[in-house]
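Visitor: One file is attached below, work.cif, containing mmCIF, C-alpha atoms.
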data_target
#
loop_
_atom_site.group_PDB
_atom_site.id
_atom_site.type_symbol
_atom_site.label_atom_id
_atom_site.label_comp_id
_atom_site.auth_asym_id
_atom_site.auth_seq_id
_atom_site.Cartn_x
_atom_site.Cartn_y
_atom_site.Cartn_z
ATOM 1 C CA MET A 1 0.000 0.000 0.000
ATOM 2 C CA THR A 2 1.351 3.469 -0.870
ATOM 3 C CA PHE A 3 0.154 6.996 -0.293
ATOM 4 C CA ALA A 4 -1.761 8.561 -3.169
ATOM 5 C CA SER A 5 0.346 11.686 -2.823
ATOM 6 C CA GLN A 6 3.314 12.868 -0.832
ATOM 7 C CA LEU A 7 2.886 14.677 2.466
ATOM 8 C CA GLN A 8 3.099 18.451 2.310
ATOM 9 C CA ALA A 9 4.524 20.583 5.115
ATOM 10 C CA VAL A 10 1.980 22.959 6.639
ATOM 11 C CA ALA A 11 4.496 24.736 8.873
ATOM 12 C CA VAL A 12 8.098 24.963 10.020
ATOM 13 C CA CYS A 13 9.092 24.788 13.682
ATOM 14 C CA HIS A 14 11.612 27.312 15.018
ATOM 15 C CA THR A 15 13.362 26.217 18.216
ATOM 16 C CA PRO A 16 16.561 26.925 20.187
ATOM 17 C CA TYR A 17 17.899 23.483 19.210
ATOM 18 C CA LYS A 18 20.373 23.880 16.350
ATOM 19 C CA GLN A 19 21.660 20.293 16.325
ATOM 20 C CA LYS A 20 20.227 16.893 17.212
ATOM 21 C CA PHE A 21 22.596 16.360 20.153
ATOM 22 C CA GLY A 22 21.049 17.922 23.233
ATOM 23 C CA ILE A 23 17.415 17.841 22.147
ATOM 24 C CA PRO A 24 15.251 16.305 24.914
ATOM 25 C CA ARG A 25 14.303 12.735 24.062
ATOM 26 C CA GLN A 26 10.615 13.394 24.767
ATOM 27 C CA PRO A 27 8.381 16.488 24.686
ATOM 28 C CA GLY A 28 7.598 18.315 27.922
ATOM 29 C CA LEU A 29 10.906 17.527 29.655
ATOM 30 C CA VAL A 30 12.311 21.001 28.939
ATOM 31 C CA SER A 31 10.097 24.090 28.741
ATOM 32 C CA ALA A 32 11.977 25.719 25.851
ATOM 33 C CA ARG A 33 9.989 28.328 23.906
ATOM 34 C CA GLY A 34 9.620 28.320 20.149
ATOM 35 C CA TYR A 35 7.305 29.017 17.217
ATOM 36 C CA VAL A 36 5.448 27.057 14.590
ATOM 37 C CA GLU A 37 5.413 29.221 11.457
ATOM 38 C CA LEU A 38 2.544 28.417 9.083
ATOM 39 C CA VAL A 39 3.520 28.303 5.398
ATOM 40 C CA ALA A 40 1.459 29.016 2.278
ATOM 41 C CA PRO A 41 -1.297 28.163 1.549
ATOM 42 C CA PHE A 42 -1.931 27.261 5.193
ATOM 43 C CA ASN A 43 -0.780 30.604 6.653
ATOM 44 C CA HIS A 44 -4.318 31.927 6.804
ATOM 45 C CA ALA A 45 -6.096 32.923 10.007
ATOM 46 C CA ASP A 46 -9.038 30.704 9.067
ATOM 47 C CA CYS A 47 -6.801 27.600 9.301
ATOM 48 C CA VAL A 48 -6.279 28.164 13.029
ATOM 49 C CA ARG A 49 -9.666 29.632 13.890
ATOM 50 C CA GLY A 50 -10.700 28.193 17.274
ATOM 51 C CA LEU A 51 -7.293 26.675 18.031
ATOM 52 C CA ALA A 52 -6.529 29.204 20.789
ATOM 53 C CA GLN A 53 -9.126 27.580 23.068
ATOM 54 C CA TYR A 54 -6.811 24.589 23.544
ATOM 55 C CA SER A 55 -3.889 24.636 25.981
ATOM 56 C CA HIS A 56 -1.884 22.006 24.076
ATOM 57 C CA ILE A 57 -1.555 20.774 20.518
ATOM 58 C CA TRP A 58 -0.152 17.756 18.710
ATOM 59 C CA LEU A 59 2.539 18.364 16.108
ATOM 60 C CA LEU A 60 3.088 15.683 13.481
ATOM 61 C CA PHE A 61 6.452 16.300 11.876
ATOM 62 C CA CYS A 62 9.172 14.851 9.710
ATOM 63 C CA PHE A 63 12.574 13.662 10.966
ATOM 64 C CA HIS A 64 14.045 15.479 7.983
ATOM 65 C CA GLU A 65 17.722 15.040 8.915
ATOM 66 C CA ASN A 66 17.402 11.260 9.287
ATOM 67 C CA LEU A 67 15.519 10.356 6.111
ATOM 68 C CA ALA A 68 18.627 9.691 4.016
ATOM 69 C CA GLN A 69 19.863 7.136 6.560
ATOM 70 C CA GLY A 70 16.790 4.958 6.116
ATOM 71 C CA TRP A 71 15.068 2.922 8.799
ATOM 72 C CA LYS A 72 15.952 -0.045 10.973
ATOM 73 C CA THR A 73 13.919 -3.032 12.125
ATOM 74 C CA THR A 74 15.474 -2.864 15.586
ATOM 75 C CA VAL A 75 17.045 -0.031 17.569
ATOM 76 C CA ARG A 76 18.892 0.371 20.861
ATOM 77 C CA PRO A 77 16.802 2.559 23.208
ATOM 78 C CA PRO A 78 18.774 4.855 25.553
ATOM 79 C CA ARG A 79 16.495 3.665 28.375
ATOM 80 C CA LEU A 80 18.128 0.250 28.087
ATOM 81 C CA GLY A 81 21.626 1.690 28.167
ATOM 82 C CA GLY A 82 22.055 1.373 24.422
ATOM 83 C CA ASN A 83 22.918 -2.316 24.841
ATOM 84 C CA GLU A 84 19.617 -4.071 24.131
ATOM 85 C CA LYS A 85 17.556 -4.069 20.957
ATOM 86 C CA MET A 86 13.830 -3.493 20.547
ATOM 87 C CA GLY A 87 11.628 -3.360 17.474
ATOM 88 C CA VAL A 88 11.341 0.041 15.856
ATOM 89 C CA PHE A 89 7.579 0.083 16.444
ATOM 90 C CA ALA A 90 8.142 -0.507 20.179
ATOM 91 C CA THR A 91 10.189 2.701 20.441
ATOM 92 C CA ARG A 92 10.136 6.345 19.436
ATOM 93 C CA SER A 93 13.324 6.029 17.428
ATOM 94 C CA THR A 94 13.894 8.633 14.716
ATOM 95 C CA PHE A 95 14.883 5.908 12.226
ATOM 96 C CA ARG A 96 11.373 4.986 11.095
ATOM 97 C CA PRO A 97 9.956 3.667 7.796
ATOM 98 C CA ASN A 98 8.221 6.976 7.046
ATOM 99 C CA GLY A 99 10.270 9.312 9.230
ATOM 100 C CA ILE A 100 7.212 10.731 11.006
ATOM 101 C CA GLY A 101 7.261 11.923 14.618
ATOM 102 C CA GLN A 102 4.630 13.344 16.935
ATOM 103 C CA SER A 103 4.904 15.593 19.964
ATOM 104 C CA VAL A 104 2.436 17.292 22.253
ATOM 105 C CA VAL A 105 3.417 20.886 23.074
ATOM 106 C CA LYS A 106 1.941 23.724 25.098
ATOM 107 C CA LEU A 107 0.214 26.411 23.030
ATOM 108 C CA HIS A 108 0.746 29.913 24.413
ATOM 109 C CA GLY A 109 -0.982 31.829 21.660
ATOM 110 C CA ILE A 110 -1.408 32.631 17.996
ATOM 111 C CA VAL A 111 0.771 35.575 17.019
ATOM 112 C CA THR A 112 2.151 37.453 14.055
ATOM 113 C CA ARG A 113 5.942 37.278 14.113
ATOM 114 C CA HIS A 114 7.986 39.172 11.524
ATOM 115 C CA GLY A 115 4.802 39.458 9.493
ATOM 116 C CA LYS A 116 4.139 35.694 9.557
ATOM 117 C CA LEU A 117 1.346 33.749 11.247
ATOM 118 C CA CYS A 118 2.843 31.674 14.060
ATOM 119 C CA LEU A 119 1.853 29.487 16.987
ATOM 120 C CA GLU A 120 3.863 30.277 20.108
ATOM 121 C CA ILE A 121 4.713 26.999 21.842
ATOM 122 C CA SER A 122 6.887 25.452 24.556
ATOM 123 C CA GLY A 123 8.036 22.012 25.648
ATOM 124 C CA MET A 124 8.904 20.838 22.137
ATOM 125 C CA ASP A 125 11.601 18.282 21.299
ATOM 126 C CA LEU A 126 12.094 19.376 17.680
ATOM 127 C CA LEU A 127 15.184 20.481 15.811
ATOM 128 C CA ASP A 128 15.123 24.039 14.508
ATOM 129 C CA GLY A 129 13.723 24.027 10.967
ATOM 130 C CA THR A 130 11.700 20.816 11.380
ATOM 131 C CA PRO A 131 8.859 20.575 8.826
ATOM 132 C CA VAL A 132 5.448 20.077 10.428
ATOM 133 C CA VAL A 133 2.981 18.016 8.376
ATOM 134 C CA ASP A 134 -0.083 18.413 10.588
ATOM 135 C CA ILE A 135 -1.378 20.213 13.688
ATOM 136 C CA LYS A 136 -4.155 18.805 15.876
ATOM 137 C CA PRO A 137 -5.685 19.920 19.185
ATOM 138 C CA TYR A 138 -4.833 17.891 22.290
ATOM 139 C CA ILE A 139 -8.052 16.502 23.815
ATOM 140 C CA PRO A 140 -7.556 15.711 27.536
ATOM 141 C CA PHE A 141 -10.420 13.254 28.013
ATOM 142 C CA SER A 142 -9.259 11.021 25.169
ATOM 143 C CA ASP A 143 -5.534 11.740 24.783
ATOM 144 C CA ALA A 144 -4.604 11.325 28.469
ATOM 145 C CA ILE A 145 -5.096 7.770 29.758
ATOM 146 C CA ALA A 146 -4.561 7.630 33.516
ATOM 147 C CA ASP A 147 -3.887 3.899 33.835
ATOM 148 C CA ALA A 148 -1.743 3.497 30.695
ATOM 149 C CA GLU A 149 1.377 1.320 30.911
ATOM 150 C CA GLY A 150 4.587 2.959 29.720
ATOM 151 C CA GLY A 151 6.777 -0.116 29.315
ATOM 152 C CA ILE A 152 10.463 0.757 29.590
ATOM 153 C CA ALA A 153 9.576 4.470 29.671
ATOM 154 C CA HIS A 154 6.948 4.495 32.399
ATOM 155 C CA ASP A 155 8.717 7.172 34.466
ATOM 156 C CA ALA A 156 10.511 10.349 33.478
ATOM 157 C CA PRO A 157 14.313 9.945 33.182
ATOM 158 C CA ALA A 158 16.481 10.790 36.164
ATOM 159 C CA GLU A 159 18.146 14.195 36.019
ATOM 160 C CA ILE A 160 21.693 15.213 36.907
ATOM 161 C CA GLU A 161 22.895 18.393 38.578
ATOM 162 C CA VAL A 162 24.166 21.254 36.421
ATOM 163 C CA HIS A 163 26.836 23.719 37.525
ATOM 164 C CA PHE A 164 28.469 26.705 35.817
ATOM 165 C CA SER A 165 32.068 27.838 36.021
ATOM 166 C CA GLU A 166 32.329 31.503 36.935
ATOM 167 C CA GLN A 167 33.417 32.303 33.382
ATOM 168 C CA ALA A 168 30.451 30.440 31.894
ATOM 169 C CA ARG A 169 27.998 32.108 34.274
ATOM 170 C CA GLN A 170 29.210 35.580 33.334
ATOM 171 C CA GLN A 171 29.092 34.721 29.639
ATOM 172 C CA GLY A 172 25.593 33.301 29.982
ATOM 173 C CA LEU A 173 24.268 36.327 31.829
ATOM 174 C CA LYS A 174 25.690 38.583 29.105
ATOM 175 C CA TYR A 175 24.146 36.650 26.228
ATOM 176 C CA ALA A 176 20.829 36.297 28.083
ATOM 177 C CA GLN A 177 20.372 40.071 27.903
ATOM 178 C CA SER A 178 19.082 39.601 24.362
ATOM 179 C CA PRO A 179 15.244 39.360 24.282
ATOM 180 C CA ASP A 180 15.556 36.303 22.016
ATOM 181 C CA ARG A 181 17.691 34.480 24.600
ATOM 182 C CA ILE A 182 16.148 35.698 27.848
ATOM 183 C CA ASP A 183 15.629 32.106 29.038
ATOM 184 C CA LEU A 184 19.186 31.044 28.179
ATOM 185 C CA MET A 185 20.440 30.064 31.639
ATOM 186 C CA SER A 186 17.351 28.110 32.641
ATOM 187 C CA LEU A 187 17.288 26.430 29.224
ATOM 188 C CA ILE A 188 20.918 25.307 29.542
ATOM 189 C CA GLU A 189 20.210 23.864 32.986
ATOM 190 C CA ALA A 190 17.111 22.020 31.811
ATOM 191 C CA VAL A 191 18.764 20.592 28.687
ATOM 192 C CA LEU A 192 21.919 19.380 30.420
ATOM 193 C CA ALA A 193 19.951 18.004 33.386
ATOM 194 C CA GLN A 194 18.632 15.410 30.923
ATOM 195 C CA ASP A 195 22.241 14.246 30.344
ATOM 196 C CA PRO A 196 22.170 14.071 26.525
ATOM 197 C CA ARG A 197 25.279 11.893 26.308
ATOM 198 C CA PRO A 198 25.026 8.458 24.637
ATOM 199 C CA ALA A 199 23.675 5.898 27.077
ATOM 200 C CA TYR A 200 26.862 3.795 27.075
ATOM 201 C CA LYS A 201 28.873 6.788 28.335
ATOM 202 C CA LYS A 202 26.864 7.182 31.520
ATOM 203 C CA SER A 203 28.200 4.144 33.333
ATOM 204 C CA LYS A 204 31.873 4.881 32.645
ATOM 205 C CA HIS A 205 34.479 7.460 33.541
ATOM 206 C CA ASP A 206 33.966 10.154 30.931
ATOM 207 C CA PRO A 207 36.609 12.905 30.687
ATOM 208 C CA LYS A 208 35.371 14.034 27.262
ATOM 209 C CA GLY A 209 34.288 17.608 26.634
ATOM 210 C CA TYR A 210 30.872 18.110 24.993
ATOM 211 C CA GLN A 211 29.141 20.855 23.055
ATOM 212 C CA VAL A 212 25.445 21.642 22.699
ATOM 213 C CA ALA A 213 24.191 24.299 20.266
ATOM 214 C CA LEU A 214 21.393 26.511 21.596
ATOM 215 C CA TYR A 215 20.226 29.601 19.733
ATOM 216 C CA ASP A 216 23.392 30.996 18.099
ATOM 217 C CA LEU A 217 25.648 29.841 20.919
ATOM 218 C CA ASP A 218 27.786 26.813 21.717
ATOM 219 C CA ILE A 219 27.519 25.510 25.262
ATOM 220 C CA LEU A 220 30.744 23.727 26.260
ATOM 221 C CA TRP A 221 30.462 21.286 29.163
ATOM 222 C CA GLN A 222 31.827 18.154 30.744
ATOM 223 C CA ILE A 223 30.978 15.681 33.487
ATOM 224 C CA GLU A 224 32.555 16.227 36.905
ATOM 225 C CA ALA A 225 31.603 14.083 39.906
ATOM 226 C CA GLY A 226 28.420 12.957 38.192
ATOM 227 C CA ALA A 227 27.228 16.493 37.402
ATOM 228 C CA ALA A 228 27.343 18.567 34.243
ATOM 229 C CA LEU A 229 29.786 21.468 34.479
ATOM 230 C CA VAL A 230 29.352 24.243 31.919
ATOM 231 C CA THR A 231 32.828 25.595 31.195
ATOM 232 C CA ALA A 232 32.105 28.194 28.500
ATOM 233 C CA ILE A 233 29.284 29.787 26.505
ATOM 234 C CA ILE A 234 30.511 31.233 23.229
ATOM 235 C CA PRO A 235 29.170 32.324 19.842
ATOM 236 C CA ALA A 236 28.852 29.310 17.556
ATOM 237 C CA LYS A 237 30.967 30.806 14.782
ATOM 238 C CA THR A 238 34.064 30.902 17.020
ATOM 239 C CA VAL A 239 34.175 27.122 17.437
ATOM 240 C CA ASP A 240 36.465 25.241 15.088
ATOM 241 C CA ALA A 241 34.680 22.692 12.897
#
How would this structure read if it were set down as structure tokens?
Guide:
Amino acid sequence: MTFASQLQAVAVCHTPYKQKFGIPRQPGLVSARGYVELVAPFNHADCVRGLAQYSHIWLLFCFHENLAQGWKTTVRPPRLGGNEKMGVFATRSTFRPNGIGQSVVKLHGIVTRHGKLCLEISGMDLLDGTPVVDIKPYIPFSDAIADAEGGIAHDAPAEIEVHFSEQARQQGLKYAQSPDRIDLMSLIEAVLAQDPRPAYKKSKHDPKGYQVALYDLDILWQIEAGAALVTAIIPAKTVDA
């Protein structure tokens, strides 16, 4: 069975996440703010008439940076330490037959941003520039199932502590003065608290330095005594490739 026609993007999601590494593995874990920008011919006020009455929405989107790599029958979920395999349909792996993901996000409002119709959202787990193929309202009485079983992901992942060197704190406070990055420090803490490292790294001594790209900045950090230590916050263009 094949689709009669190809899916068409209805919007593009704009988020602080500039690379896949560091993006929360599920929606709602980090309250980052972003926008869903409607694209023609869907950028009409009539398309979102009545949507503002809902507190949350579903975004169906495309894992656009993974499509070329194809899909896999089995994957290694981070919840299992990256050592055990499960079927692709038993996970939320990005390597899927049709490359489609779904996330529920908080809807803060419908706004005009730089002359474009946008949905202001938070709690997303999407890469900046992700194409959105559909938008649906979240319906609490049917979408939230109180006694549902979550399998290997029944509980939220454990978080680690996040500390800043004095240099990094001063840099962060400076860059957070921009209205577009006002939540920078809290966002860094929330993202690194999820410990975005590969699962197999978490049970070993790990002296490696890491980098996460947020907004137009590179966040440099490492693990010290089981906590994430942010050592520097610098403009992305200053980091060697």
Visitor: Quick one: which residues end up in the PyMOL selection byres ((chain A and resi 195-203) around 6) for this structure, as a list in words?
Guide: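 Expected selection for the PyMOL selection byres ((chain A and resi 195-203) around 6) here is Gly22, Pro78, Gly81, Gly82, Leu192, Ala193, Gln194 and Lys204 of chain A.
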Visitor: Could you tell me which of A:Asp125, A:Asp134, A:Asp218, A:Asp155 comes closest to Gln26 (chain A) if we count all atoms listed in the file?
Guide: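 Between A:Asp125, A:Asp134, A:Asp218, A:Asp155, the residue approaching Gln26 (chain A) most closely is A:Asp125.
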Visitor: My list of candidates is A:Gln6, A:Gln53, A:Thr74, A:Ser122. Which is closest to Pro137 (chain A) when distances are computed with all atoms listed in the file?
Guide: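 Of the candidates, the smallest distance to Pro137 (chain A) is held by A:Gln53.
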Visitor: The PyMOL selection byres ((chain A and resi 207) around 12) on the file shown: which residues, as a list of chain:residue names?
Guide: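 Those residues are A:Lys201, A:Lys202, A:Lys204, A:His205, A:Asp206, A:Lys208, A:Gly209, A:Tyr210, A:Trp221, A:Gln222, A:Ile223, A:Glu224, A:Ala225, A:Gly226, A:Ala228, A:Leu229.
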Visitor: Can you write just those residues out, C-alpha atoms, as a PDB file, in the coordinates of the input?
Guide:
ATOM      1  CA  LYS A 201      28.873   6.788  28.335  1.00  0.00           C
ATOM      2  CA  LYS A 202      26.864   7.182  31.520  1.00  0.00           C
ATOM      3  CA  LYS A 204      31.873   4.881  32.645  1.00  0.00           C
ATOM      4  CA  HIS A 205      34.479   7.460  33.541  1.00  0.00           C
ATOM      5  CA  ASP A 206      33.966  10.154  30.931  1.00  0.00           C
ATOM      6  CA  LYS A 208      35.371  14.034  27.262  1.00  0.00           C
ATOM      7  CA  GLY A 209      34.288  17.608  26.634  1.00  0.00           C
ATOM      8  CA  TYR A 210      30.872  18.110  24.993  1.00  0.00           C
ATOM      9  CA  TRP A 221      30.462  21.286  29.163  1.00  0.00           C
ATOM     10  CA  GLN A 222      31.827  18.154  30.744  1.00  0.00           C
ATOM     11  CA  ILE A 223      30.978  15.681  33.487  1.00  0.00           C
ATOM     12  CA  GLU A 224      32.555  16.227  36.905  1.00  0.00           C
ATOM     13  CA  ALA A 225      31.603  14.083  39.906  1.00  0.00           C
ATOM     14  CA  GLY A 226      28.420  12.957  38.192  1.00  0.00           C
ATOM     15  CA  ALA A 228      27.343  18.567  34.243  1.00  0.00           C
ATOM     16  CA  LEU A 229      29.786  21.468  34.479  1.00  0.00           C
TER      17      LEU A 229
END
Visitor: What does the distance between CA of Pro77 (chain A) and CA of Tyr17 (chain A) come to in Å, to one decimal place?
Guide: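 Taking CA of Pro77 (chain A) and CA of Tyr17 (chain A), their separation equals 21.3 Å.
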Visitor: With the PyMOL selection byres ((chain A and resi 100) around 9) as the selection, what would be picked from this file? Answer as a list of chain:residue names, please.
Guide: A:Leu60, A:Phe61, A:Cys62, A:Phe63, A:His64, A:Thr94, A:Arg96, A:Pro97, A:Asn98, A:Gly99, A:Gly101, A:Gln102, A:Val133
Visitor: Set the distance at 8 Å and use only C-alpha atoms: which residues neighbour region 41-48 of chain A once local chain neighbours fewer than 4 positions away are removed? I'd like the list as number ranges by chain.
Guide: A: 10-11, 37, 52, 116-117
Visitor: Can you work out the spacing between CA of Ile135 (chain A) and CA of Ala9 (chain A) in Å, to one decimal?
Guide: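 Rounded to one decimal, the two atoms are 10.4 Å apart.
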Visitor: So the first atom is CA of Met86 (chain A) and the second is CA of Asp128 (chain A); what is the distance between them in Å, to one decimal place?
Guide: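 Result for CA of Met86 (chain A) versus CA of Asp128 (chain A): 28.2 Å, one decimal.
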Visitor: Excluding Gln171 (chain A) and residues on its chain fewer than 6 positions from it, collect all residues at most 8 Å away from it, counting only C-alpha atoms, and give them as a list in words.
Guide: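 Neighbouring residues, sequence-local ones excluded: Ala232, Ile233 and Ile234 of chain A.
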Visitor: Can you sort out the box for region 58-65 of chain A, edges along x, y and z, all listed atoms in, 5 Å on every side, with centre and edge lengths in Å to one decimal, as AutoDock Vina command-line options?
Guide:
--center_x 8.8 --center_y 16.0 --center_z 13.3 --size_x 27.9 --size_y 14.7 --size_z 20.7
Visitor: For each of A:His56, A:His163, A:Arg49, A:Arg169, take the minimum atom-to-atom distance to Met124 (chain A), counting only C-alpha atoms, then give the residue where this is smallest.
Guide: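 Smallest distance to Met124 (chain A) is found for A:His56.
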Visitor: Scan for residues within 9 Å of the point (9.3, 21.1, 28.5) in the coordinates of the file, using all atoms listed in the file, and reply as a ChimeraX atom specification.
Guide: /A:24,26-33,105-106,122-125,190
Visitor: Which one of A:Ile182, A:Val104, A:Ile110, A:Ile188 sits closest to Gly50 (chain A) if you count only C-alpha atoms?
Guide: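 When distances to Gly50 (chain A) are compared using only C-alpha atoms, the smallest one comes from A:Ile110.
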Visitor: Got a sec: who's within 12 Å of Gly151 (chain A), counting only C-alpha atoms, leaving out chain neighbours fewer than 2 positions off, as a PyMOL selection string?
Guide: chain A and resi 79-80+86+90-91+148-149+153-156
